[in-house]
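Report on one structure; see the data block that follows.
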Amino acid sequence: MARATDSDLAPHELRVLVAVADTGGFSAAAGTLGLTQSAVSHSVRGSERKVGAVLFERGRTGARPTPAGEKAVTHARRILRLLDVLTAEARGAARSDAAEGPLRIAAFRSAALHLLPPVLERLRARHPGIQPQVRIVREVGRGTAGEVADGKADLGIATLGGSVPLPSGLVAGGLFEEPYALVYAAGQAAPRSLPLVDWAENCGSYTRDWWAAQDWIPKATIEAEDDGAVLALVSGGQGMAIMPALSLAGAPNSVDIADLGPERPTRQIGYVTTVELAGSAVVRALVRELRAVVPVA
């Protein structure tokens, strides 16, 4: 049997590393953990000796993880989460209901607004012991997958198949193909002649080739913060937009939606989780409900 050694980091040391990274300083971390600043400093120095690397850059403005520290904090978050899952599933198994405890979900805005509500309703009905926690994350750069990889979420609702590779240690599952459509203020006779309203999360690598081949699509005249702002601007007659189906769920009567034809672009919506959490009861329960809910198309 493997035994703990003096070089192993204990759970309380992992919690200190995460708290310092999350709060940006030793003093703030001490307040969060109910410790003294000297205790936090001592713990971090001990962890650095065990790891053999400097984990935080200290400065007058606080503490920032070094590259080694970022790796350590990511693993610390994921290990601590697995310890929580161990406790919850062992406790649940003793009562013949292993699906209980917190479930951290990262989702982009339209998925959080239009896909997750019926999923979470079904989840709560079947597993009242699960406590979902949803964070909205912009689906740009590392997006929701990055939140999962960094140990900040158990599962992310993500756009799959883009040019950004899936971070190592994650697994993904597809849910549905989401089509794009043309949307414009109701009554416009020539919507394709209108200026374009767009936002940063739109038109990923999966739609870029299609987008580039459309000579009728101008460069965006208005860049909005999110798809909700785009829809409001279009509704107000400021231009037209090309938007995915989830963003158009519940669109007001003041806009018209036109199909872009058989060659219309689509994006794949799915989920990502870690290899370790993929088999956990809470993640498996959520995936079952995601697959059971038919998205708005």
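In the structure tokens, chains take letters A, B, ... by order of appearance, with residues numbered from 1 within each chain and ligands from 1 in the order shown.
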Using only C-alpha atoms, find each residue of stretch 242-294 of chain A with at least one atom at most 7 Å away from an atom of stretch 105-119 of chain A; report its shortest atom-to-atom pair and that distance in Å (one decimal), sort the rows by chain and rising residue number, and return the result as a Markdown table.
| residue | atom | partner | partner_atom | distance |
| --- | --- | --- | --- | --- |
| A:Leu246 | CA | A:Ser110 | CA | 5.7 |
| A:Ser247 | CA | A:Ser110 | CA | 5.3 |
| A:Ala249 | CA | A:His114 | CA | 6.8 |
| A:Glu289 | CA | A:Val119 | CA | 5.6 |
| A:Leu290 | CA | A:Val119 | CA | 5.9 |
| A:Val293 | CA | A:Val119 | CA | 6.4 |
Within 12 Å of A:Lys71, counting only C-alpha atoms, which residues qualify if same-chain residues fewer than 4 places away don't, as a PyMOL selection string?
chain A and resi 17-18+21+51+53-56+65-67+75-78+149-151
Would you kindly return, as a list in words, each protein, DNA or RNA residue with an atom no farther than 9 Å from any atom of A:Leu277, considering only C-alpha atoms and excluding same-chain residues fewer than 2 positions away?
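Returned residues: Arg81, Leu82, Val85, Asp154, Leu155, Thr273, Thr274, Val275, Gly279, Ser280, Ala281, Val282, Val283 and Arg284 of chain A.
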Residues from last step as file, N, CA, C and O atoms, as a PDB file, in the first residue's frame:
ATOM      1  N   ARG A  81     -11.803  18.934  -5.378  1.00  0.00           N
ATOM      2  CA  ARG A  81     -13.147  18.602  -5.848  1.00  0.00           C
ATOM      3  C   ARG A  81     -13.386  17.094  -5.783  1.00  0.00           C
ATOM      4  O   ARG A  81     -14.468  16.644  -5.404  1.00  0.00           O
ATOM      5  N   LEU A  82     -12.368  16.310  -6.131  1.00  0.00           N
ATOM      6  CA  LEU A  82     -12.513  14.852  -6.061  1.00  0.00           C
ATOM      7  C   LEU A  82     -12.695  14.386  -4.618  1.00  0.00           C
ATOM      8  O   LEU A  82     -13.435  13.430  -4.358  1.00  0.00           O
ATOM      9  N   VAL A  85     -16.267  14.942  -3.897  1.00  0.00           N
ATOM     10  CA  VAL A  85     -17.084  13.925  -4.556  1.00  0.00           C
ATOM     11  C   VAL A  85     -16.986  12.598  -3.812  1.00  0.00           C
ATOM     12  O   VAL A  85     -17.984  11.889  -3.637  1.00  0.00           O
ATOM     13  N   ASP A 154     -17.279  21.673 -12.881  1.00  0.00           N
ATOM     14  CA  ASP A 154     -17.298  20.221 -13.065  1.00  0.00           C
ATOM     15  C   ASP A 154     -17.654  19.845 -14.498  1.00  0.00           C
ATOM     16  O   ASP A 154     -17.179  18.835 -15.018  1.00  0.00           O
ATOM     17  N   LEU A 155     -18.499  20.651 -15.099  1.00  0.00           N
ATOM     18  CA  LEU A 155     -18.944  20.396 -16.474  1.00  0.00           C
ATOM     19  C   LEU A 155     -19.183  21.726 -17.157  1.00  0.00           C
ATOM     20  O   LEU A 155     -19.707  22.665 -16.542  1.00  0.00           O
ATOM     21  N   THR A 273     -16.040  17.700 -19.535  1.00  0.00           N
ATOM     22  CA  THR A 273     -15.790  17.451 -18.121  1.00  0.00           C
ATOM     23  C   THR A 273     -14.418  16.816 -18.011  1.00  0.00           C
ATOM     24  O   THR A 273     -13.756  16.564 -19.023  1.00  0.00           O
ATOM     25  N   THR A 274     -13.961  16.587 -16.803  1.00  0.00           N
ATOM     26  CA  THR A 274     -12.653  15.962 -16.637  1.00  0.00           C
ATOM     27  C   THR A 274     -12.790  14.450 -16.698  1.00  0.00           C
ATOM     28  O   THR A 274     -13.871  13.891 -16.465  1.00  0.00           O
ATOM     29  N   VAL A 275     -11.684  13.804 -17.010  1.00  0.00           N
ATOM     30  CA  VAL A 275     -11.672  12.341 -17.031  1.00  0.00           C
ATOM     31  C   VAL A 275     -12.102  11.797 -15.669  1.00  0.00           C
ATOM     32  O   VAL A 275     -12.858  10.826 -15.583  1.00  0.00           O
ATOM     33  N   GLY A 279     -17.178   9.986 -14.486  1.00  0.00           N
ATOM     34  CA  GLY A 279     -17.897   8.855 -13.898  1.00  0.00           C
ATOM     35  C   GLY A 279     -18.587   9.170 -12.597  1.00  0.00           C
ATOM     36  O   GLY A 279     -19.202   8.275 -11.991  1.00  0.00           O
ATOM     37  N   SER A 280     -18.524  10.420 -12.149  1.00  0.00           N
ATOM     38  CA  SER A 280     -19.174  10.775 -10.882  1.00  0.00           C
ATOM     39  C   SER A 280     -20.687  10.782 -11.045  1.00  0.00           C
ATOM     40  O   SER A 280     -21.224  11.038 -12.128  1.00  0.00           O
ATOM     41  N   ALA A 281     -21.383  10.528  -9.962  1.00  0.00           N
ATOM     42  CA  ALA A 281     -22.845  10.421 -10.024  1.00  0.00           C
ATOM     43  C   ALA A 281     -23.483  11.742 -10.432  1.00  0.00           C
ATOM     44  O   ALA A 281     -24.447  11.762 -11.206  1.00  0.00           O
ATOM     45  N   VAL A 282     -22.957  12.875  -9.930  1.00  0.00           N
ATOM     46  CA  VAL A 282     -23.595  14.159 -10.245  1.00  0.00           C
ATOM     47  C   VAL A 282     -23.418  14.525 -11.717  1.00  0.00           C
ATOM     48  O   VAL A 282     -24.355  15.022 -12.364  1.00  0.00           O
ATOM     49  N   VAL A 283     -22.238  14.282 -12.267  1.00  0.00           N
ATOM     50  CA  VAL A 283     -22.009  14.603 -13.678  1.00  0.00           C
ATOM     51  C   VAL A 283     -22.809  13.658 -14.570  1.00  0.00           C
ATOM     52  O   VAL A 283     -23.429  14.088 -15.555  1.00  0.00           O
ATOM     53  N   ARG A 284     -22.830  12.377 -14.238  1.00  0.00           N
ATOM     54  CA  ARG A 284     -23.607  11.428 -15.056  1.00  0.00           C
ATOM     55  C   ARG A 284     -25.089  11.775 -15.035  1.00  0.00           C
ATOM     56  O   ARG A 284     -25.781  11.665 -16.050  1.00  0.00           O
TER      57      ARG A 284
END
At a cut-off of 6 Å, using only C-alpha atoms, what residues contact stretch 173-175 of chain A? Leave out same-chain residues fewer than 4 positions from it and give the result as a list in words.
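With the cut-off at 6 Å, the set is Ile269, Gly270 and Tyr271 of chain A.
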Filtering to N, CA and C atoms, could you give me those residues as a tab-separated table (two decimals), in the first residue's frame?
chain	number	residue	atom	x	y	z
A	269	ILE	N	-23.04	21.81	-30.28
A	269	ILE	CA	-23.14	22.10	-28.85
A	269	ILE	C	-22.94	20.78	-28.09
A	270	GLY	N	-22.11	20.82	-27.08
A	270	GLY	CA	-21.86	19.62	-26.30
A	270	GLY	C	-21.45	19.98	-24.88
A	271	TYR	N	-20.84	19.04	-24.23
A	271	TYR	CA	-20.38	19.27	-22.86
A	271	TYR	C	-18.94	18.78	-22.74
Among listed residues A:Ser193, A:Glu100, A:Val73, A:Gln188, nearest A:Leu86 (using only C-alpha atoms):
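Among the listed residues, the smallest separation from A:Leu86 belongs to A:Glu100.
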